[in-house]
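One structure below.
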Amino acid sequence: MKKLLWIIPIGVVCAVAYYLLEYGNKEPVQVVDSSPHYTTTIYFHPLDNFTQQEAIQLRAVIEQRFRDIFNEDFEFEILPNKKFSIDLMNDNKTRYRADKIIYSLSKKAVKHKITIGLTHKDISIPYKGKSDWGILGLAIHKVNGCVASTFRLKHKERDYWKVVTHEFIHTYYRYPHCPKDSSHCIMKDAKGKADFGNKNDLCGYCKSRIG
Ligand SMILES: [Zn+2]
Ligand SMILES: [Zn+2]
């Protein structure tokens with residue numbers, strides 16, 4: 001009887017071992033993504049009289065906002081100031097051409113490296129049949145670059161990060177203007193008005209697409 005009591009526990013151990021050997025490796029296969037994971041770096045490029053200190057303050061605001069808006073971590077770097085050259089101006093030499101600025105900044109831009117030009121100057125592009133149309137910002141996603149200006153903002157301190165974020169979303173996510181045209185959405189088409197008072201986030205629809 002004593003022997004039988006020994007045999008039962010040994011039998012249980014063997015059954016457990018058999019079960020683990022037989023079924024232990026039949027768990028669902030986990031697919032490991034072997035592609036390297038990139039953290040996208042956002043380069044703030046202060047232009048002309050946009051100071052390093054202003055860029056540092058902007059980065060602090062944007063780092064916090066981006067954590068709320070996006071499901072993705074970004075790294076931020078502030079580049080040394082770049083002086084504007086006269087060949088970046090429009091034909092009348094009254095404003096700086098936003099497209100020329102972006103191309104001048106983004107020569108080295110590659111995927112996962114986004115360059116954002118920061119400026120206090122008035123910027124423009126040829127638009128709507130006019131050779132010179134003043135704008136808040138412009139994005140050219142094929143070179144992973146954009147530019148954002150404080151010039152047309154009434155509340156520069158309050159609203160500049162919104163312009164930067166708007167242009168960044170065009171550039172990085174290749175996302176158009178808010179399809180819902182929501183007055184609270186950062187991606188709403190400004191349609192010539194620098195109206196950012198109500199906008200602190202993406203609308204629910206845009207957030208579900210890119211947030
Ligand atoms: Zn929206
Ligand atoms: Zn836009």
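We label chains A, B, ... in the order they appear in the structure tokens, count residues from 1 in each chain, and number ligands from 1 in the order shown.
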Name each residue within 10 Å of ligand 1, counting only C-alpha atoms and all ligand atoms, as a list of chain:residue names.
->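 Taking only C-alpha atoms and all ligand atoms into account, the residues around ligand 1 at most 10 Å away are A:Pro176, A:His177, A:Cys178, A:Pro179, A:Lys180, A:Asp181, A:Ser182, A:Ser183, A:His184, A:Cys185, A:Ile186, A:Met187, A:Lys188, A:Asp189, A:Asp201, A:Leu202, A:Cys203, A:Gly204, A:Tyr205, A:Cys206, A:Lys207, A:Ser208, A:Arg209, A:Ile210.
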Could you give me the residues within 12 Å of ligand 2, counting only C-alpha atoms and all ligand atoms, as JSON, numbers by chain?
-> {"A": [135, 136, 137, 138, 139, 140, 141, 146, 147, 148, 162, 163, 164, 165, 166, 167, 168, 169, 170, 171, 174, 175, 176, 177, 178, 179, 181, 185, 186, 187, 188, 189, 190, 191, 192, 193, 194]}
If you count only C-alpha atoms, which residues fall within 12 Å of Ala60 in chain A, apart from same-chain ones fewer than 5 positions away, as a PyMOL selection string?
-> chain A and resi 44+53-55+65-67+75-78+161
What does the file look like for those residues with N, CA and C atoms, as a PDB file, in the first residue's frame?
ATOM      1  N   PHE A  44      13.257  71.691 -34.367  1.00  0.00           N
ATOM      2  CA  PHE A  44      12.808  73.079 -34.392  1.00  0.00           C
ATOM      3  C   PHE A  44      13.957  73.918 -34.949  1.00  0.00           C
ATOM      4  N   GLN A  53      15.774  80.910 -26.919  1.00  0.00           N
ATOM      5  CA  GLN A  53      14.956  80.868 -25.704  1.00  0.00           C
ATOM      6  C   GLN A  53      13.483  80.663 -26.049  1.00  0.00           C
ATOM      7  N   GLU A  54      13.015  81.341 -27.089  1.00  0.00           N
ATOM      8  CA  GLU A  54      11.616  81.159 -27.521  1.00  0.00           C
ATOM      9  C   GLU A  54      11.393  79.726 -28.011  1.00  0.00           C
ATOM     10  N   ALA A  55      12.388  79.184 -28.684  1.00  0.00           N
ATOM     11  CA  ALA A  55      12.270  77.799 -29.172  1.00  0.00           C
ATOM     12  C   ALA A  55      12.218  76.817 -27.996  1.00  0.00           C
ATOM     13  N   ARG A  65       1.721  69.085 -24.822  1.00  0.00           N
ATOM     14  CA  ARG A  65       0.512  68.960 -25.654  1.00  0.00           C
ATOM     15  C   ARG A  65       0.546  67.681 -26.493  1.00  0.00           C
ATOM     16  N   PHE A  66       1.708  67.379 -27.041  1.00  0.00           N
ATOM     17  CA  PHE A  66       1.813  66.198 -27.905  1.00  0.00           C
ATOM     18  C   PHE A  66       1.521  64.912 -27.130  1.00  0.00           C
ATOM     19  N   ARG A  67       1.905  64.891 -25.862  1.00  0.00           N
ATOM     20  CA  ARG A  67       1.614  63.705 -25.045  1.00  0.00           C
ATOM     21  C   ARG A  67       0.102  63.503 -24.919  1.00  0.00           C
ATOM     22  N   GLU A  75      10.949  62.789 -30.222  1.00  0.00           N
ATOM     23  CA  GLU A  75      12.101  63.477 -29.647  1.00  0.00           C
ATOM     24  C   GLU A  75      12.179  64.856 -30.286  1.00  0.00           C
ATOM     25  N   PHE A  76      12.679  65.797 -29.523  1.00  0.00           N
ATOM     26  CA  PHE A  76      12.749  67.168 -30.018  1.00  0.00           C
ATOM     27  C   PHE A  76      14.190  67.664 -29.957  1.00  0.00           C
ATOM     28  N   GLU A  77      14.561  68.380 -30.991  1.00  0.00           N
ATOM     29  CA  GLU A  77      15.885  69.005 -30.992  1.00  0.00           C
ATOM     30  C   GLU A  77      15.746  70.428 -31.501  1.00  0.00           C
ATOM     31  N   ILE A  78      16.510  71.300 -30.923  1.00  0.00           N
ATOM     32  CA  ILE A  78      16.487  72.692 -31.398  1.00  0.00           C
ATOM     33  C   ILE A  78      17.785  72.958 -32.149  1.00  0.00           C
ATOM     34  N   TRP A 161       1.698  77.439 -30.650  1.00  0.00           N
ATOM     35  CA  TRP A 161       1.898  75.988 -30.665  1.00  0.00           C
ATOM     36  C   TRP A 161       0.844  75.293 -31.535  1.00  0.00           C
TER      37      TRP A 161
END
Using the chain letters and numbers from this document, which residues of range 91-151 of chain A does DSSP assign to helix (DSSP H, G or I), as a PyMOL selection string?
-> chain A and resi 98-105+141-143
Since we have the selection now, will you write its residues out, keeping N, CA and C atoms, as a CSV table (one decimal), in the first residue's frame?
chain,number,residue,atom,x,y,z
A,98,ALA,N,7.2,81.1,-48.1
A,98,ALA,CA,7.1,79.9,-47.2
A,98,ALA,C,7.7,78.7,-47.9
A,99,ASP,N,7.4,78.5,-49.2
A,99,ASP,CA,7.9,77.3,-49.8
A,99,ASP,C,9.4,77.3,-50.0
A,100,LYS,N,9.9,78.5,-50.3
A,100,LYS,CA,11.4,78.6,-50.4
A,100,LYS,C,12.1,78.3,-49.0
A,101,ILE,N,11.5,78.8,-48.0
A,101,ILE,CA,12.0,78.6,-46.6
A,101,ILE,C,12.1,77.1,-46.4
A,102,ILE,N,11.0,76.4,-46.6
A,102,ILE,CA,10.9,74.9,-46.3
A,102,ILE,C,12.0,74.2,-47.1
A,103,TYR,N,12.1,74.5,-48.4
A,103,TYR,CA,13.1,73.8,-49.2
A,103,TYR,C,14.5,74.1,-48.8
A,104,SER,N,14.7,75.4,-48.2
A,104,SER,CA,16.1,75.7,-47.8
A,104,SER,C,16.4,75.0,-46.5
A,105,LEU,N,15.4,74.6,-45.7
A,105,LEU,CA,15.7,74.0,-44.4
A,105,LEU,C,15.8,72.5,-44.5
A,141,HIS,N,5.0,68.0,-47.4
A,141,HIS,CA,5.3,66.7,-46.8
A,141,HIS,C,6.3,65.9,-47.5
A,142,LYS,N,6.5,66.1,-48.8
A,142,LYS,CA,7.4,65.3,-49.6
A,142,LYS,C,8.9,65.6,-49.1
A,143,VAL,N,9.1,66.8,-48.5
A,143,VAL,CA,10.4,67.0,-47.9
A,143,VAL,C,10.4,67.0,-46.4
Every residue of range 3-202 of chain A that DSSP places in strand (DSSP E or B), as a VMD selection string | chain A and resid 40 to 47 74 to 78 82 89 96 to 97 113 to 119 123 to 127 130 to 135 137 to 140 145 to 149 185 201
I need the residues from that last selection saved to file as a PDB file, in the first residue's frame (with C-alpha atoms), if you can.
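Wrote selection-v2.pdb, looks like this:
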ATOM      1  CA  THR A  40      10.634  60.398 -34.894  1.00  0.00           C
ATOM      2  CA  THR A  41      12.727  63.460 -34.184  1.00  0.00           C
ATOM      3  CA  ILE A  42      11.222  66.886 -34.624  1.00  0.00           C
ATOM      4  CA  TYR A  43      13.799  69.566 -35.366  1.00  0.00           C
ATOM      5  CA  PHE A  44      12.808  73.079 -34.392  1.00  0.00           C
ATOM      6  CA  HIS A  45      14.687  75.474 -36.609  1.00  0.00           C
ATOM      7  CA  PRO A  46      14.528  79.045 -35.260  1.00  0.00           C
ATOM      8  CA  LEU A  47      14.852  81.518 -38.107  1.00  0.00           C
ATOM      9  CA  PHE A  74       8.644  62.118 -30.256  1.00  0.00           C
ATOM     10  CA  GLU A  75      12.101  63.477 -29.647  1.00  0.00           C
ATOM     11  CA  PHE A  76      12.749  67.168 -30.018  1.00  0.00           C
ATOM     12  CA  GLU A  77      15.885  69.005 -30.992  1.00  0.00           C
ATOM     13  CA  ILE A  78      16.487  72.692 -31.398  1.00  0.00           C
ATOM     14  CA  LYS A  82      19.496  80.373 -39.416  1.00  0.00           C
ATOM     15  CA  MET A  89      11.931  86.714 -50.351  1.00  0.00           C
ATOM     16  CA  TYR A  96       9.469  85.649 -47.198  1.00  0.00           C
ATOM     17  CA  ARG A  97       8.247  82.839 -49.400  1.00  0.00           C
ATOM     18  CA  LYS A 113      13.083  63.497 -39.147  1.00  0.00           C
ATOM     19  CA  ILE A 114      10.719  66.432 -39.431  1.00  0.00           C
ATOM     20  CA  THR A 115      11.999  69.997 -39.701  1.00  0.00           C
ATOM     21  CA  ILE A 116       9.824  72.880 -38.537  1.00  0.00           C
ATOM     22  CA  GLY A 117      10.939  76.423 -39.330  1.00  0.00           C
ATOM     23  CA  LEU A 118       9.938  78.948 -36.646  1.00  0.00           C
ATOM     24  CA  THR A 119       9.653  82.580 -37.621  1.00  0.00           C
ATOM     25  CA  ILE A 123       5.389  84.552 -44.931  1.00  0.00           C
ATOM     26  CA  SER A 124       3.507  84.029 -48.165  1.00  0.00           C
ATOM     27  CA  ILE A 125       2.936  81.793 -51.172  1.00  0.00           C
ATOM     28  CA  PRO A 126       1.372  82.286 -54.596  1.00  0.00           C
ATOM     29  CA  TYR A 127      -2.267  81.279 -54.027  1.00  0.00           C
ATOM     30  CA  LYS A 130      -2.444  86.063 -56.339  1.00  0.00           C
ATOM     31  CA  SER A 131       1.309  85.994 -56.580  1.00  0.00           C
ATOM     32  CA  ASP A 132       1.677  86.745 -52.895  1.00  0.00           C
ATOM     33  CA  TRP A 133      -0.803  85.432 -50.312  1.00  0.00           C
ATOM     34  CA  GLY A 134       0.076  85.907 -46.639  1.00  0.00           C
ATOM     35  CA  ILE A 135      -0.202  82.742 -44.542  1.00  0.00           C
ATOM     36  CA  GLY A 137       2.128  78.308 -42.038  1.00  0.00           C
ATOM     37  CA  LEU A 138       2.852  75.852 -44.805  1.00  0.00           C
ATOM     38  CA  ALA A 139       3.719  72.155 -44.949  1.00  0.00           C
ATOM     39  CA  ILE A 140       5.458  70.311 -47.781  1.00  0.00           C
ATOM     40  CA  GLY A 145       9.314  70.075 -43.641  1.00  0.00           C
ATOM     41  CA  CYS A 146       7.036  72.920 -42.669  1.00  0.00           C
ATOM     42  CA  VAL A 147       7.184  76.491 -41.444  1.00  0.00           C
ATOM     43  CA  ALA A 148       5.012  78.369 -38.943  1.00  0.00           C
ATOM     44  CA  SER A 149       4.882  82.132 -38.453  1.00  0.00           C
ATOM     45  CA  CYS A 185     -10.299  71.130 -34.234  1.00  0.00           C
ATOM     46  CA  ASP A 201      -7.002  69.630 -29.504  1.00  0.00           C
TER      47      ASP A 201
END
With only C-alpha atoms as the basis for distance, which of A:Thr51, A:Asn144, A:Thr150, A:Thr39 is at the shortest distance from Ser106 in chain A?
->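 Between A:Thr51, A:Asn144, A:Thr150, A:Thr39, the residue approaching Ser106 in chain A most closely is A:Asn144.
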Pick from A:Tyr173, A:Lys156, A:Phe196, A:Asp122, whichever lies nearest to Asn90 in chain A using only C-alpha atoms =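 Of A:Tyr173, A:Lys156, A:Phe196, A:Asp122, the one nearest Asn90 in chain A, counting only C-alpha atoms, is A:Asp122.
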